[in-house]
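Student: Got a structure for you, questions after.
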Amino acid sequence: MFQQPSNMMEGQLHPLESESEIGRMRDDELDSTTKSGSENHEAASGDDQNPRPNKKKRYHRHTQHQIQEMEAFFKECPHPDDKQRKELGRELGLEPLQVKFWFQNKRTQMKTQHERHENTQLRTENEKLRADNMRYREALSTASCPNCGGPTAVGQMSFDEHHLRLENARLREEIDRISAIAAKYVGKPVVSYPLLSSPMTPRPFEFGAQPGTGDMYGAGDLLRSISSPSEADKPIIIELAVAAMEELVRMAQMGEPLWMTSLDGTTYVLNEEEYIRTFPRGIGPKPTGFKCEASRETAVVIMNHINLVEILMDVNQWSTVFSGIVSKASTLDVLSTGIAGNYNGALQVMATEFQVPSPLVPTRESYYVRYCKQHAEGTWAVVDVSLDNIRPSPTARCRRRPSGCLIQEMPNGYSKVTWVEHVEVDDSGVHSLYKQLVSTGHAFGAQRWIATLDRQCERLASVMATNVPTGDVGVITNQDGRKSMLKLAERMVMSFCAGVSASTAHTWTTLSGTGADDVRVMTRKSVDDPGRPPGIVLSAATSFWLPVSPKRVFDFLRDENSRSEWDILSNGGVVQEMAHIANGRDTGNCVSLLRVNSANSSQSNMLILQESCTDPTASFVIYAPVDIVAMNVVLNGGDPDYVALLPSGFAILPDGSTITAATSSAGGGIDTDAAGSSGGSLLTVAFQILVDSVPTAKLSLGSVATVNNLIACTVERIKASLSCENA
């Protein structure tokens, strides 16, 4: 939670005092900052009222007695009140204002001395950390195999060595932090950080057709060029945010003729002409070639309004909760942290990249201000509005008109959330497979935000649950173990979602095939990243249409009993669920630990961590092989950051033909409608394979061909299995 900054900082002159007194005291106080307030010029009202250009003002120092008395008083009470200042001034023959300024400057002087001392300590610690860093690097580079005496294979690091690598990464972060603090006080340039951060801890990856040739994992071209707003822009931004807040609240509450009910009665459609009449100011006319996407959705979620506001105003929490929609996000500037110790009145300038989990849909980059306001007791609103008018960019393909949510407190820790999404976008780059889903507003619209929020609120509630039933076999009841496993699964999902979209920071290369079945690949070089195995990681993804409902596809892919029908890497082994954690009302929302019992007795058994999640707008089945020793630590409540993961999986979206609000009886995933069908599915399959454990190795064409064949065979198996079910 951000703390409200004080409006009256130490050492500042207070404008509430008389101007003549300040005029008489200013030179003395500036000088006394470095001389303990030892000088003061004589108060001469005649000179102040009728100054002569060539007449020098008369100065005199505070007497040694005055300084000694004020120094002694300062040790006992550095913040005297009005009564104490008057009494001290009377004893020393000084004006109360002189005493006040002397104490202000003395406090500033003491603060500066303290900061200098702290800076020295930080620099000493910095050097120590750098030495430790080098020692760890040398230890890792000279490590030898205990069996043969040769160099250790990097790809076969033990669990203990993963600990060392994580500590190394944390030391590097600490060095960067201390360097930034030191630069603040000694005036040296601060280390340049990437403009846009990932929802995860920033990872040292490179993307490209060949290792080392692509862009660094981070922002796209538009967001990379954006910086914090200038001082001249800030009043304009504040005015824009206030107007946007008023518009959002009205958009959330108004009905016809602004919002017209759709033909099936399940959604609202914005009347654009009525919108222009109702809100004539706005951010200007719609750009040529852009399309309007506007939607509104309401739901009651299992989270109190205070926690919801905190998630929305904390960029890390927000991008984690909405990792399926937000691929990158950063707060560029904080114009206000709010008042009274909460987010009421908070203003943040942000840059975000919004995504659909498929390489066939370009991401949407947006530069905007986010404003939070409390409207009444238990009622809050958070609004975004684009700042493109302040910083026009020819590459901008999306701008946000006032969008956000109205949050109302409900009994028993629940909240009613009304979400409004209103954007203008150039969607010409969207593949024809996804055109209908995107054009109807369901890919990026309010329904998807609300459904994701509802599902994630249930997931967070399950993390905090203490009344876990103990009768079911495989249910993890250890509270620390549950939290650690859910945290690991959360990182796995975020990693998968961040690497599957068509971000401008990713360089996808099309390998083979025609049309929608093209397989797209990219390489990543993983070095000194404790969250991933080191080496060359090859990512491959493809998206295609299936004439089967999303719920059918989801149930097939998440079921361990049907896994052998599509999972080539399991080698026909029997898959058994060892443990699971329920994540919501729908049985499909679950984190599972699976064991693959190899059919070949010479091969060891494999563990797989899997999270399956579903809501009316999207479903995911994401998994990763995990180390047995590491998972034992996690299940006992150990730190999950030590576990290296390479997530693969599936993103399942409706094709947009007949999206309805129908959900399963359990209240979760997409189900068939009254006609027995809810349209087809858009399935994205994505694999990550470690093709070489040496990060400096060159990617071989054989590795690419192997991964291409793996994903093609998997797609064919899924199509065959589901077509048999559908027949």
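Naming works like this for the structure tokens: A, B, ... for the chains as they're shown, residue 1 at the start of each chain, ligands 1 onward in shown order.
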As a PyMOL selection string, please: every residue in segment 507-655 of chain A that a backbone DSSP assignment puts in helix (DSSP H, G or I).
Tutor: chain A and resi 515-517+550-558+560-565+568-570+628-635+640-642
Student: So that I have them on file, write out the residues from the current selection with C-alpha atoms, as a PDB file, in the first residue's frame.
Tutor:
ATOM      1  CA  GLY A 515      -3.019 -21.238 -43.727  1.00  0.00           C
ATOM      2  CA  ALA A 516      -3.897 -21.577 -40.085  1.00  0.00           C
ATOM      3  CA  ASP A 517      -1.915 -24.753 -39.493  1.00  0.00           C
ATOM      4  CA  PRO A 550     -14.692 -25.402 -25.990  1.00  0.00           C
ATOM      5  CA  LYS A 551     -15.966 -27.348 -22.983  1.00  0.00           C
ATOM      6  CA  ARG A 552     -15.540 -30.675 -24.789  1.00  0.00           C
ATOM      7  CA  VAL A 553     -11.997 -29.755 -25.837  1.00  0.00           C
ATOM      8  CA  PHE A 554     -11.121 -28.604 -22.314  1.00  0.00           C
ATOM      9  CA  ASP A 555     -12.469 -31.742 -20.624  1.00  0.00           C
ATOM     10  CA  PHE A 556     -10.574 -33.966 -23.077  1.00  0.00           C
ATOM     11  CA  LEU A 557      -7.210 -32.228 -22.655  1.00  0.00           C
ATOM     12  CA  ARG A 558      -7.283 -31.902 -18.854  1.00  0.00           C
ATOM     13  CA  GLU A 560      -5.296 -37.629 -17.201  1.00  0.00           C
ATOM     14  CA  ASN A 561      -7.090 -40.752 -18.468  1.00  0.00           C
ATOM     15  CA  SER A 562      -7.114 -39.441 -22.059  1.00  0.00           C
ATOM     16  CA  ARG A 563      -3.643 -37.896 -21.923  1.00  0.00           C
ATOM     17  CA  SER A 564      -1.957 -40.818 -23.646  1.00  0.00           C
ATOM     18  CA  GLU A 565      -4.131 -40.123 -26.714  1.00  0.00           C
ATOM     19  CA  ILE A 568       3.656 -38.107 -27.348  1.00  0.00           C
ATOM     20  CA  LEU A 569       6.299 -37.402 -24.699  1.00  0.00           C
ATOM     21  CA  SER A 570       4.581 -39.663 -22.166  1.00  0.00           C
ATOM     22  CA  ILE A 628      10.833 -35.009  -7.966  1.00  0.00           C
ATOM     23  CA  VAL A 629      13.194 -33.680  -5.281  1.00  0.00           C
ATOM     24  CA  ALA A 630      12.118 -30.091  -5.930  1.00  0.00           C
ATOM     25  CA  MET A 631       8.412 -30.987  -5.748  1.00  0.00           C
ATOM     26  CA  ASN A 632       8.897 -32.723  -2.401  1.00  0.00           C
ATOM     27  CA  VAL A 633      10.322 -29.452  -1.075  1.00  0.00           C
ATOM     28  CA  VAL A 634       7.354 -27.508  -2.494  1.00  0.00           C
ATOM     29  CA  LEU A 635       4.758 -29.903  -1.058  1.00  0.00           C
ATOM     30  CA  PRO A 640       8.778 -22.721  -5.241  1.00  0.00           C
ATOM     31  CA  ASP A 641      11.111 -20.208  -6.936  1.00  0.00           C
ATOM     32  CA  TYR A 642      13.838 -22.875  -6.883  1.00  0.00           C
TER      33      TYR A 642
END
Student: Tell me which protein, DNA and RNA residues are within 7 Å of segment 367-377 of chain A, counting only C-alpha atoms, leaving out same-chain ones fewer than 3 positions away, and put them as an MDAnalysis selection string.
Tutor: chainID A and resid 241 343:352 380:388
Student: Just the residues within 10 Å of Val596 of chain A, please, counting only C-alpha atoms, with nothing from its chain fewer than 6 positions along; format it as a list in words.
Tutor: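 Residues near the query, excluding close chain neighbours: Glu560, Ser564, Leu569, Ser570, Asn571, Gly572, Gly573, Val574, Val575, Gln576, Glu577, Ser604, Asn605, Met606, Leu607 and Ile608 of chain A.
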Student: Could you pull out the strand (DSSP E or B) residues of segment 259-423 of chain A, going by DSSP on the backbone, and write them as an MDAnalysis selection string?
Tutor: chainID A and resid 259:261 268:270 291:301 326:336 347:354 362 364:376 379:386 398:400 403:409 415:423
Student: What's the 8 Å shell around segment 452-466 of chain A, counting only C-alpha atoms, without same-chain residues fewer than 6 positions away, as a PyMOL selection string?
Tutor: chain A and resi 299-303+321-322+479+482-483+486+582-585+614-615+668
Student: Mind dumping the selected residues with all heavy atoms as a compact mmCIF listing (two decimals), in the first residue's frame?
Tutor:
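Once written, part21.txt looks like this:
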# COMPACT_ATOMS: atom_id res chain seq x y z
N ALA A 299 -20.83 -8.63 -12.51
CA ALA A 299 -20.78 -9.90 -11.78
C ALA A 299 -20.53 -9.62 -10.31
O ALA A 299 -20.03 -8.55 -9.93
CB ALA A 299 -19.67 -10.81 -12.33
N VAL A 300 -20.89 -10.58 -9.46
CA VAL A 300 -20.58 -10.53 -8.04
C VAL A 300 -19.43 -11.49 -7.79
O VAL A 300 -19.52 -12.68 -8.14
CB VAL A 300 -21.80 -10.90 -7.18
CG1 VAL A 300 -21.42 -10.95 -5.70
CG2 VAL A 300 -22.93 -9.90 -7.40
N VAL A 301 -18.34 -11.00 -7.22
CA VAL A 301 -17.14 -11.82 -7.04
C VAL A 301 -16.82 -11.99 -5.56
O VAL A 301 -17.18 -11.14 -4.73
CB VAL A 301 -15.93 -11.20 -7.77
CG1 VAL A 301 -16.21 -11.10 -9.25
CG2 VAL A 301 -15.56 -9.84 -7.20
N ILE A 302 -16.10 -13.06 -5.24
CA ILE A 302 -15.79 -13.39 -3.85
C ILE A 302 -14.48 -12.70 -3.43
O ILE A 302 -13.44 -13.33 -3.27
CB ILE A 302 -15.75 -14.92 -3.63
CG1 ILE A 302 -15.48 -15.27 -2.16
CG2 ILE A 302 -14.75 -15.58 -4.57
CD1 ILE A 302 -15.63 -16.73 -1.82
N MET A 303 -14.57 -11.38 -3.26
CA MET A 303 -13.44 -10.59 -2.75
C MET A 303 -13.99 -9.25 -2.28
O MET A 303 -14.88 -8.68 -2.92
CB MET A 303 -12.38 -10.38 -3.83
CG MET A 303 -11.15 -9.60 -3.32
SD MET A 303 -9.83 -9.45 -4.55
CE MET A 303 -9.23 -11.13 -4.57
N VAL A 321 -2.97 -11.33 -11.92
CA VAL A 321 -4.36 -11.79 -11.94
C VAL A 321 -4.89 -11.90 -13.36
O VAL A 321 -5.60 -12.85 -13.71
CB VAL A 321 -5.25 -10.85 -11.09
CG1 VAL A 321 -6.73 -11.13 -11.33
CG2 VAL A 321 -4.92 -11.01 -9.62
N PHE A 322 -4.52 -10.95 -14.22
CA PHE A 322 -5.02 -10.94 -15.60
C PHE A 322 -3.92 -11.35 -16.59
O PHE A 322 -3.82 -10.79 -17.69
CB PHE A 322 -5.55 -9.55 -15.95
CG PHE A 322 -6.75 -9.13 -15.15
CD1 PHE A 322 -6.64 -8.23 -14.11
CD2 PHE A 322 -8.00 -9.67 -15.42
CE1 PHE A 322 -7.74 -7.85 -13.36
CE2 PHE A 322 -9.12 -9.30 -14.68
CZ PHE A 322 -8.99 -8.38 -13.64
N GLN A 479 -1.33 -26.51 4.67
CA GLN A 479 -1.57 -25.13 4.24
C GLN A 479 -0.35 -24.54 3.53
O GLN A 479 -0.48 -23.91 2.48
CB GLN A 479 -1.94 -24.27 5.46
CG GLN A 479 -2.31 -22.83 5.13
CD GLN A 479 -3.67 -22.71 4.45
OE1 GLN A 479 -4.37 -23.69 4.28
NE2 GLN A 479 -4.03 -21.49 4.06
N ARG A 482 0.06 -26.18 0.13
CA ARG A 482 -0.93 -25.67 -0.83
C ARG A 482 -0.47 -24.33 -1.41
O ARG A 482 -0.52 -24.10 -2.62
CB ARG A 482 -2.29 -25.49 -0.15
CG ARG A 482 -3.03 -26.78 0.15
CD ARG A 482 -4.27 -26.51 1.00
NE ARG A 482 -5.20 -25.59 0.35
CZ ARG A 482 -6.15 -25.96 -0.49
NH1 ARG A 482 -6.30 -27.24 -0.78
NH2 ARG A 482 -6.96 -25.08 -1.03
N LYS A 483 -0.04 -23.44 -0.52
CA LYS A 483 0.39 -22.11 -0.98
C LYS A 483 1.58 -22.20 -1.92
O LYS A 483 1.63 -21.52 -2.95
CB LYS A 483 0.71 -21.22 0.22
CG LYS A 483 -0.51 -20.75 1.00
CD LYS A 483 -0.12 -19.78 2.11
CE LYS A 483 -1.36 -19.28 2.85
NZ LYS A 483 -1.01 -18.32 3.93
N LEU A 486 0.48 -23.73 -5.31
CA LEU A 486 -0.31 -22.77 -6.09
C LEU A 486 0.56 -21.62 -6.62
O LEU A 486 0.35 -21.13 -7.72
CB LEU A 486 -1.45 -22.22 -5.24
CG LEU A 486 -2.61 -23.19 -4.98
CD1 LEU A 486 -3.56 -22.62 -3.93
CD2 LEU A 486 -3.37 -23.47 -6.27
N ALA A 582 -8.25 -28.04 -5.55
CA ALA A 582 -9.39 -27.43 -6.24
C ALA A 582 -9.28 -25.91 -6.16
O ALA A 582 -8.92 -25.35 -5.13
CB ALA A 582 -10.70 -27.91 -5.61
N ASN A 583 -9.61 -25.27 -7.28
CA ASN A 583 -9.43 -23.81 -7.36
C ASN A 583 -10.73 -23.03 -7.50
O ASN A 583 -10.68 -21.82 -7.70
CB ASN A 583 -8.56 -23.47 -8.58
CG ASN A 583 -7.09 -23.44 -8.20
OD1 ASN A 583 -6.77 -23.38 -7.03
ND2 ASN A 583 -6.23 -23.50 -9.19
N GLY A 584 -11.86 -23.68 -7.47
CA GLY A 584 -13.11 -22.95 -7.66
C GLY A 584 -14.30 -23.88 -7.71
O GLY A 584 -14.18 -25.10 -7.48
N ARG A 585 -15.44 -23.31 -8.05
CA ARG A 585 -16.67 -24.09 -8.09
C ARG A 585 -16.64 -25.14 -9.19
O ARG A 585 -17.14 -26.24 -9.03
CB ARG A 585 -17.87 -23.15 -8.29
CG ARG A 585 -18.14 -22.23 -7.12
CD ARG A 585 -19.13 -21.15 -7.51
NE ARG A 585 -18.57 -20.25 -8.53
CZ ARG A 585 -19.25 -19.27 -9.10
NH1 ARG A 585 -20.51 -19.07 -8.76
NH2 ARG A 585 -18.68 -18.49 -9.99
N THR A 614 -10.91 -22.71 -16.33
CA THR A 614 -11.92 -22.44 -17.33
C THR A 614 -12.90 -21.39 -16.83
O THR A 614 -13.18 -21.29 -15.63
CB THR A 614 -12.68 -23.73 -17.71
OG1 THR A 614 -13.62 -23.45 -18.76
CG2 THR A 614 -13.42 -24.31 -16.51
N ASP A 615 -13.37 -20.57 -17.76
CA ASP A 615 -14.45 -19.62 -17.49
C ASP A 615 -15.24 -19.47 -18.79
O ASP A 615 -14.88 -20.07 -19.81
CB ASP A 615 -13.90 -18.28 -16.97
CG ASP A 615 -12.99 -17.58 -17.95
OD1 ASP A 615 -13.41 -17.37 -19.10
OD2 ASP A 615 -11.86 -17.21 -17.57
N GLY A 668 -19.01 -22.58 -13.77
CA GLY A 668 -17.67 -22.25 -14.27
C GLY A 668 -17.56 -22.23 -15.77
O GLY A 668 -17.80 -21.24 -16.41
Student: Rank A:Ser543, A:Arg595, A:Ile581, A:Gln610 by their smallest atom-to-atom distance to Asp655 of chain A, using only C-alpha atoms, and report the top residue only.
Tutor: A:Ser543
